[in-house]
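Colleague: Have a look at the structure that comes next, please.
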Amino acid sequence: MGGSAALLGWGASGTHQADAARLVVREGRFEVHGERGVIAQDERLRGATITLKVSAGEAVVRIDDIVWIETSRRGRIPLYSLSANHNGRFDNLCEPDAQQRRLGIPLESENGRWSFTCTSGAQGKCILMGYEPWETTHAIPMQDLHAACIHMVRADYGGDGNPSTRNGILIDPYDRFGVQQAHEIDPMPFEAAWGREGAICVARPRIPDNITLDDLAARYPRLRGHLGPAVCREAAMAGDARVLILNRSREVP
């Protein structure tokens, strides 16, 4: 879900702000700004109801809870439990993730708008891995890593938004910047190397019943000559400057 950052009204813990306020998303966090600066953030937003301008008119969203977790990059980040008003009943916006959490992260977009990604989705999973798209202070191409991670999680080899994975398949991603490290104990077979636009090479598809190497060659001409274990070798790809992320995955019988 997403909307404009303009708030039509805001209240928390039974109180109401009389003056106009704006909802701002900054580095994965909600903040409410008024004329004099920040009105509320973090725990003070628990219980807040927000009226958003959306394409269909208005939507009322409630921040039910805020949970702080540790990530591999920045330490603690907040995850939000959001619910939307449907005819007087508030329903959580997220499906449960692998830990049965129904939480998500707001992301800033262009023109003062924002979106909300759940931890059960590819964007949320990649943020929890440490690929935070708002991170620009380090000499790491984090936005490119985030984009590559989304393709990797979805097994979107062509980078065109057509995933070929399914829930519950174990993957082991790592990168040459040290954000994620490969697990060397009981390693899984190498699957693919990834860049911002999708796979750079594919040793084997994650789920052969969903897509084969022949399917990839026919569908994506740029991958021809870069398919199969003979040409897509993990050791070679790990030293390739074009590669952002590599992954191993559990073989599917």
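Just remember, in the structure tokens the first chain shown is A, the second B, etc., residues are 1-based per chain, and ligands are 1-based in the order shown.
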Could you give me, as a PDB file with N, CA and C atoms, in the first residue's frame, the residues within 9 Å of region 95-98 of chain A, counting only C-alpha atoms and dropping anything in the same chain fewer than 6 positions from it?
Modeller:
```pdb
ATOM      1  N   CYS A 118       5.879  -5.470   2.998  1.00  0.00           N
ATOM      2  CA  CYS A 118       5.777  -6.419   4.108  1.00  0.00           C
ATOM      3  C   CYS A 118       7.027  -7.294   4.183  1.00  0.00           C
ATOM      4  N   THR A 119       7.332  -7.780   5.387  1.00  0.00           N
ATOM      5  CA  THR A 119       8.498  -8.648   5.545  1.00  0.00           C
ATOM      6  C   THR A 119       8.286 -10.005   4.882  1.00  0.00           C
ATOM      7  N   SER A 120       7.069 -10.311   4.486  1.00  0.00           N
ATOM      8  CA  SER A 120       6.810 -11.544   3.746  1.00  0.00           C
ATOM      9  C   SER A 120       7.104 -11.398   2.261  1.00  0.00           C
ATOM     10  N   GLY A 121       7.330 -10.178   1.792  1.00  0.00           N
ATOM     11  CA  GLY A 121       7.601  -9.933   0.380  1.00  0.00           C
ATOM     12  C   GLY A 121       9.077  -9.791   0.088  1.00  0.00           C
ATOM     13  N   GLY A 168       8.964 -21.115   0.649  1.00  0.00           N
ATOM     14  CA  GLY A 168       9.518 -22.237   1.395  1.00  0.00           C
ATOM     15  C   GLY A 168      10.791 -22.818   0.836  1.00  0.00           C
TER      16      GLY A 168
END
```
Colleague: Within 8 Å of region 77-81 of chain A, counting only C-alpha atoms, which residues show up once you throw out same-chain ones fewer than 4 positions away? Write them as a list in words, please.
Modeller: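 In the requested form, the answer reads Gly28, Arg29, Asp42, Ile63, Asp64, Asp65, Ile66, Val67, Trp68, Ile69, Glu70, Thr71, Asn92, Leu93, Arg102, Leu103, Gly104 and Ile105 of chain A.
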Colleague: With all heavy atoms kept, could you save the residues just selected as a short mmCIF file (atom, residue, chain, number, x, y, z; two decimals), in the first residue's frame?
Modeller:
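Ended up saving to selection_11.cif:
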```
data_model
loop_
_atom_site.label_atom_id
_atom_site.label_comp_id
_atom_site.auth_asym_id
_atom_site.auth_seq_id
_atom_site.Cartn_x
_atom_site.Cartn_y
_atom_site.Cartn_z
N GLY A 28 13.25 4.25 6.15
CA GLY A 28 12.47 3.14 6.65
C GLY A 28 11.67 3.43 7.90
O GLY A 28 11.19 2.49 8.55
N ARG A 29 11.48 4.69 8.26
CA ARG A 29 10.76 5.06 9.48
C ARG A 29 9.69 6.10 9.16
O ARG A 29 9.89 6.99 8.34
CB ARG A 29 11.71 5.62 10.54
CG ARG A 29 12.74 4.64 11.02
CD ARG A 29 13.85 5.33 11.80
NE ARG A 29 13.38 5.90 13.06
CZ ARG A 29 14.17 6.55 13.91
NH1 ARG A 29 15.46 6.70 13.63
NH2 ARG A 29 13.69 7.03 15.03
N ASP A 42 8.55 6.94 16.02
CA ASP A 42 8.82 5.73 16.79
C ASP A 42 7.63 5.37 17.69
O ASP A 42 6.50 5.38 17.23
CB ASP A 42 10.12 5.87 17.57
CG ASP A 42 11.32 6.11 16.66
OD1 ASP A 42 11.22 5.76 15.47
OD2 ASP A 42 12.33 6.66 17.10
N ILE A 63 -1.54 2.51 12.78
CA ILE A 63 -0.28 1.88 13.20
C ILE A 63 -0.56 1.14 14.50
O ILE A 63 -0.67 1.75 15.57
CB ILE A 63 0.83 2.93 13.37
CG1 ILE A 63 1.08 3.66 12.06
CG2 ILE A 63 2.12 2.26 13.87
CD1 ILE A 63 2.12 4.77 12.15
N ASP A 64 -0.70 -0.17 14.41
CA ASP A 64 -1.08 -0.98 15.58
C ASP A 64 0.10 -1.25 16.51
O ASP A 64 -0.08 -1.33 17.72
CB ASP A 64 -1.68 -2.31 15.12
CG ASP A 64 -2.98 -2.11 14.37
OD1 ASP A 64 -3.82 -1.31 14.85
OD2 ASP A 64 -3.16 -2.73 13.31
N ASP A 65 1.29 -1.41 15.94
CA ASP A 65 2.43 -1.76 16.77
C ASP A 65 3.72 -1.41 16.04
O ASP A 65 3.73 -1.26 14.82
CB ASP A 65 2.41 -3.25 17.11
CG ASP A 65 3.26 -3.59 18.33
OD1 ASP A 65 3.74 -2.65 19.01
OD2 ASP A 65 3.44 -4.79 18.61
N ILE A 66 4.79 -1.28 16.80
CA ILE A 66 6.13 -1.06 16.27
C ILE A 66 7.06 -2.03 16.97
O ILE A 66 7.11 -2.07 18.20
CB ILE A 66 6.61 0.39 16.50
CG1 ILE A 66 5.63 1.38 15.86
CG2 ILE A 66 8.00 0.61 15.93
CD1 ILE A 66 5.88 2.82 16.24
N VAL A 67 7.78 -2.82 16.19
CA VAL A 67 8.70 -3.83 16.73
C VAL A 67 10.10 -3.52 16.21
O VAL A 67 10.31 -3.35 15.01
CB VAL A 67 8.28 -5.25 16.29
CG1 VAL A 67 9.27 -6.29 16.81
CG2 VAL A 67 6.86 -5.55 16.76
N TRP A 68 11.05 -3.43 17.12
CA TRP A 68 12.43 -3.14 16.73
C TRP A 68 13.20 -4.45 16.59
O TRP A 68 13.11 -5.33 17.45
CB TRP A 68 13.11 -2.26 17.78
CG TRP A 68 12.54 -0.88 17.82
CD1 TRP A 68 11.44 -0.46 18.50
CD2 TRP A 68 13.02 0.27 17.12
NE1 TRP A 68 11.21 0.87 18.29
CE2 TRP A 68 12.17 1.35 17.44
CE3 TRP A 68 14.10 0.49 16.26
CZ2 TRP A 68 12.36 2.64 16.94
CZ3 TRP A 68 14.30 1.77 15.76
CH2 TRP A 68 13.42 2.82 16.09
N ILE A 69 13.96 -4.58 15.49
CA ILE A 69 14.75 -5.79 15.27
C ILE A 69 16.17 -5.40 14.88
O ILE A 69 16.42 -4.28 14.43
CB ILE A 69 14.14 -6.69 14.17
CG1 ILE A 69 14.20 -5.99 12.80
CG2 ILE A 69 12.71 -7.09 14.50
CD1 ILE A 69 14.05 -6.91 11.65
N GLU A 70 17.08 -6.34 15.04
CA GLU A 70 18.46 -6.15 14.63
C GLU A 70 18.62 -6.59 13.18
O GLU A 70 18.07 -7.62 12.77
CB GLU A 70 19.41 -6.96 15.51
CG GLU A 70 19.36 -6.59 16.98
CD GLU A 70 19.99 -5.25 17.27
OE1 GLU A 70 20.87 -4.84 16.50
OE2 GLU A 70 19.60 -4.61 18.27
N THR A 71 19.37 -5.82 12.39
CA THR A 71 19.68 -6.23 11.02
C THR A 71 21.19 -6.39 10.90
O THR A 71 21.95 -6.08 11.81
CB THR A 71 19.20 -5.18 9.99
OG1 THR A 71 20.02 -4.01 10.07
CG2 THR A 71 17.75 -4.81 10.22
N ASN A 92 -5.13 -6.28 9.00
CA ASN A 92 -3.69 -6.14 8.80
C ASN A 92 -3.35 -6.16 7.32
O ASN A 92 -3.93 -6.95 6.54
CB ASN A 92 -2.95 -7.26 9.53
CG ASN A 92 -1.47 -6.98 9.69
OD1 ASN A 92 -0.72 -6.97 8.72
ND2 ASN A 92 -1.05 -6.74 10.92
N LEU A 93 -2.41 -5.31 6.92
CA LEU A 93 -2.05 -5.18 5.50
C LEU A 93 -1.14 -6.29 5.02
O LEU A 93 -0.96 -6.47 3.82
CB LEU A 93 -1.36 -3.83 5.26
CG LEU A 93 -2.22 -2.59 5.46
CD1 LEU A 93 -1.38 -1.33 5.26
CD2 LEU A 93 -3.41 -2.58 4.50
N ARG A 102 3.42 -10.31 10.96
CA ARG A 102 2.65 -9.55 9.98
C ARG A 102 3.07 -8.08 10.12
O ARG A 102 2.36 -7.25 10.66
CB ARG A 102 1.15 -9.74 10.20
CG ARG A 102 0.74 -11.20 10.08
CD ARG A 102 -0.73 -11.41 10.26
NE ARG A 102 -1.50 -10.79 9.19
CZ ARG A 102 -2.66 -11.28 8.74
NH1 ARG A 102 -3.14 -12.39 9.25
NH2 ARG A 102 -3.33 -10.65 7.80
N LEU A 103 4.28 -7.82 9.65
CA LEU A 103 4.92 -6.53 9.84
C LEU A 103 5.48 -6.04 8.51
O LEU A 103 5.60 -6.80 7.55
CB LEU A 103 6.06 -6.65 10.85
CG LEU A 103 5.68 -7.14 12.26
CD1 LEU A 103 6.93 -7.47 13.06
CD2 LEU A 103 4.83 -6.10 12.98
N GLY A 104 5.83 -4.75 8.47
CA GLY A 104 6.38 -4.20 7.24
C GLY A 104 7.21 -2.95 7.47
O GLY A 104 7.43 -2.52 8.61
N ILE A 105 7.65 -2.38 6.36
CA ILE A 105 8.59 -1.26 6.37
C ILE A 105 8.11 -0.23 5.35
O ILE A 105 7.83 -0.58 4.19
CB ILE A 105 10.00 -1.75 5.97
CG1 ILE A 105 10.46 -2.90 6.87
CG2 ILE A 105 11.01 -0.60 6.00
CD1 ILE A 105 11.54 -3.75 6.27
#
```
Colleague: Sort by chain and increasing residue number a table of all residues of region 100-203 of chain A within 9 Å of region 219-239 of chain A, each with its closest pair of atoms and their distance in Å to one decimal, counting only C-alpha atoms, and write it as JSON lines.
Modeller:
```
{"residue": "A:Tyr157", "atom": "CA", "partner": "A:Tyr220", "partner_atom": "CA", "distance": 8.7}
{"residue": "A:Gly158", "atom": "CA", "partner": "A:Tyr220", "partner_atom": "CA", "distance": 6.2}
{"residue": "A:Asp175", "atom": "CA", "partner": "A:Ala238", "partner_atom": "CA", "distance": 8.1}
{"residue": "A:Arg176", "atom": "CA", "partner": "A:Ala238", "partner_atom": "CA", "distance": 7.0}
{"residue": "A:Phe190", "atom": "CA", "partner": "A:Glu234", "partner_atom": "CA", "distance": 6.4}
{"residue": "A:Glu191", "atom": "CA", "partner": "A:Glu234", "partner_atom": "CA", "distance": 8.4}
{"residue": "A:Ala192", "atom": "CA", "partner": "A:Cys232", "partner_atom": "CA", "distance": 7.4}
{"residue": "A:Ala193", "atom": "CA", "partner": "A:Met237", "partner_atom": "CA", "distance": 6.6}
{"residue": "A:Ala199", "atom": "CA", "partner": "A:Leu223", "partner_atom": "CA", "distance": 7.9}
{"residue": "A:Ile200", "atom": "CA", "partner": "A:Leu223", "partner_atom": "CA", "distance": 7.1}
{"residue": "A:Cys201", "atom": "CA", "partner": "A:His226", "partner_atom": "CA", "distance": 4.8}
{"residue": "A:Val202", "atom": "CA", "partner": "A:Leu227", "partner_atom": "CA", "distance": 5.0}
{"residue": "A:Ala203", "atom": "CA", "partner": "A:Gly228", "partner_atom": "CA", "distance": 4.2}
```
Colleague: Using Å and a single decimal, report how far CA of Leu216 (chain A) sits from CA of Pro141 (chain A).
Modeller: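 Atom-to-atom, CA of Pro141 (chain A) and CA of Leu216 (chain A) are spaced 27.2 Å apart.
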Colleague: As a list of chain:residue names, list the residues of region 103-234 of chain A assigned to strand (DSSP E) by DSSP on the backbone atoms of this structure.
Modeller: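 Matching residues, listed in order: A:Gly104, A:Ile105, A:Pro106, A:Leu107, A:Glu108, A:Arg113, A:Trp114, A:Ser115, A:Phe116, A:Thr117, A:Cys118, A:Ile171, A:Asp172, A:Pro173, A:Tyr174, A:Asp175, A:Phe190, A:Glu191, A:Ala192, A:Ala193, A:Trp194, A:Gly195, A:Gly198, A:Ala199, A:Ile200, A:Cys201, A:Val202.
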Colleague: Could those selected residues go to a file with C-alpha atoms, as a compact mmCIF listing (two decimals), in the first residue's frame?
Modeller:
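Result file is selection.txt:
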```
# COMPACT_ATOMS: atom_id res chain seq x y z
CA GLY A 104 6.38 -4.20 7.24
CA ILE A 105 8.59 -1.26 6.37
CA PRO A 106 7.70 2.08 4.75
CA LEU A 107 9.74 3.13 1.73
CA GLU A 108 10.08 6.63 0.39
CA ARG A 113 4.84 9.54 -1.92
CA TRP A 114 5.66 6.32 -0.10
CA SER A 115 4.92 2.62 -0.22
CA PHE A 116 4.70 -0.05 2.44
CA THR A 117 6.45 -3.39 1.93
CA CYS A 118 5.78 -6.42 4.11
CA ILE A 171 18.29 -19.98 -0.46
CA ASP A 172 21.75 -18.87 0.68
CA PRO A 173 22.67 -15.44 -0.77
CA TYR A 174 25.97 -13.66 -0.39
CA ASP A 175 27.71 -10.68 -1.98
CA PHE A 190 25.22 -22.77 -6.73
CA GLU A 191 22.24 -21.31 -8.56
CA ALA A 192 23.00 -17.94 -10.17
CA ALA A 193 24.88 -14.65 -10.16
CA TRP A 194 22.87 -11.44 -10.09
CA GLY A 195 23.10 -7.80 -11.13
CA GLY A 198 18.46 -9.66 -13.13
CA ALA A 199 20.63 -12.73 -13.52
CA ILE A 200 24.05 -12.38 -15.13
CA CYS A 201 24.36 -16.13 -15.44
CA VAL A 202 22.34 -19.14 -14.27
```
Colleague: Find the nearest atom pair between each residue of region 43-153 of chain A and region 241-248 of chain A for residues within 7 Å, count only C-alpha atoms, give distances in Å to one decimal, sort rows by chain and ascending number, and present the table as a tab-separated table.
Modeller:
```
residue	atom	partner	partner_atom	distance
A:Leu145	CA	A:Leu244	CA	6.1
A:Ala148	CA	A:Ile245	CA	6.8
A:Cys149	CA	A:Ile245	CA	7.0
```
Colleague: Enter the distance from CA of Gly34 (chain A) to CA of Lys53 (chain A), in Å, rounded to one decimal.
Modeller: 17.4 Å
Colleague: Output as an NGL selection string all residues of region 142-226 of chain A that backbone DSSP marks as alpha helix (DSSP H).
Modeller: :A and (142-154 or 213-219)
Colleague: For Ala59 (chain A), work out the shell of residues within 8 Å, counting only C-alpha atoms and skipping chain neighbours fewer than 4 positions away, then give it as number ranges by chain.
Modeller: A: 51-54, 84-85
Colleague: Please dump the current selection as a JSON list (two decimals), in the first residue's frame; keep C-alpha atoms.
Modeller:
```
[["chain", "number", "residue", "atom", "x", "y", "z"],
["A", 51, "THR", "CA", -5.92, 9.45, 6.72],
["A", 52, "LEU", "CA", -4.12, 9.19, 3.40],
["A", 53, "LYS", "CA", -4.77, 10.62, -0.01],
["A", 54, "VAL", "CA", -4.69, 7.68, -2.41],
["A", 84, "ALA", "CA", -6.53, -0.55, 7.00],
["A", 85, "ASN", "CA", -10.15, 0.35, 7.70]]
```
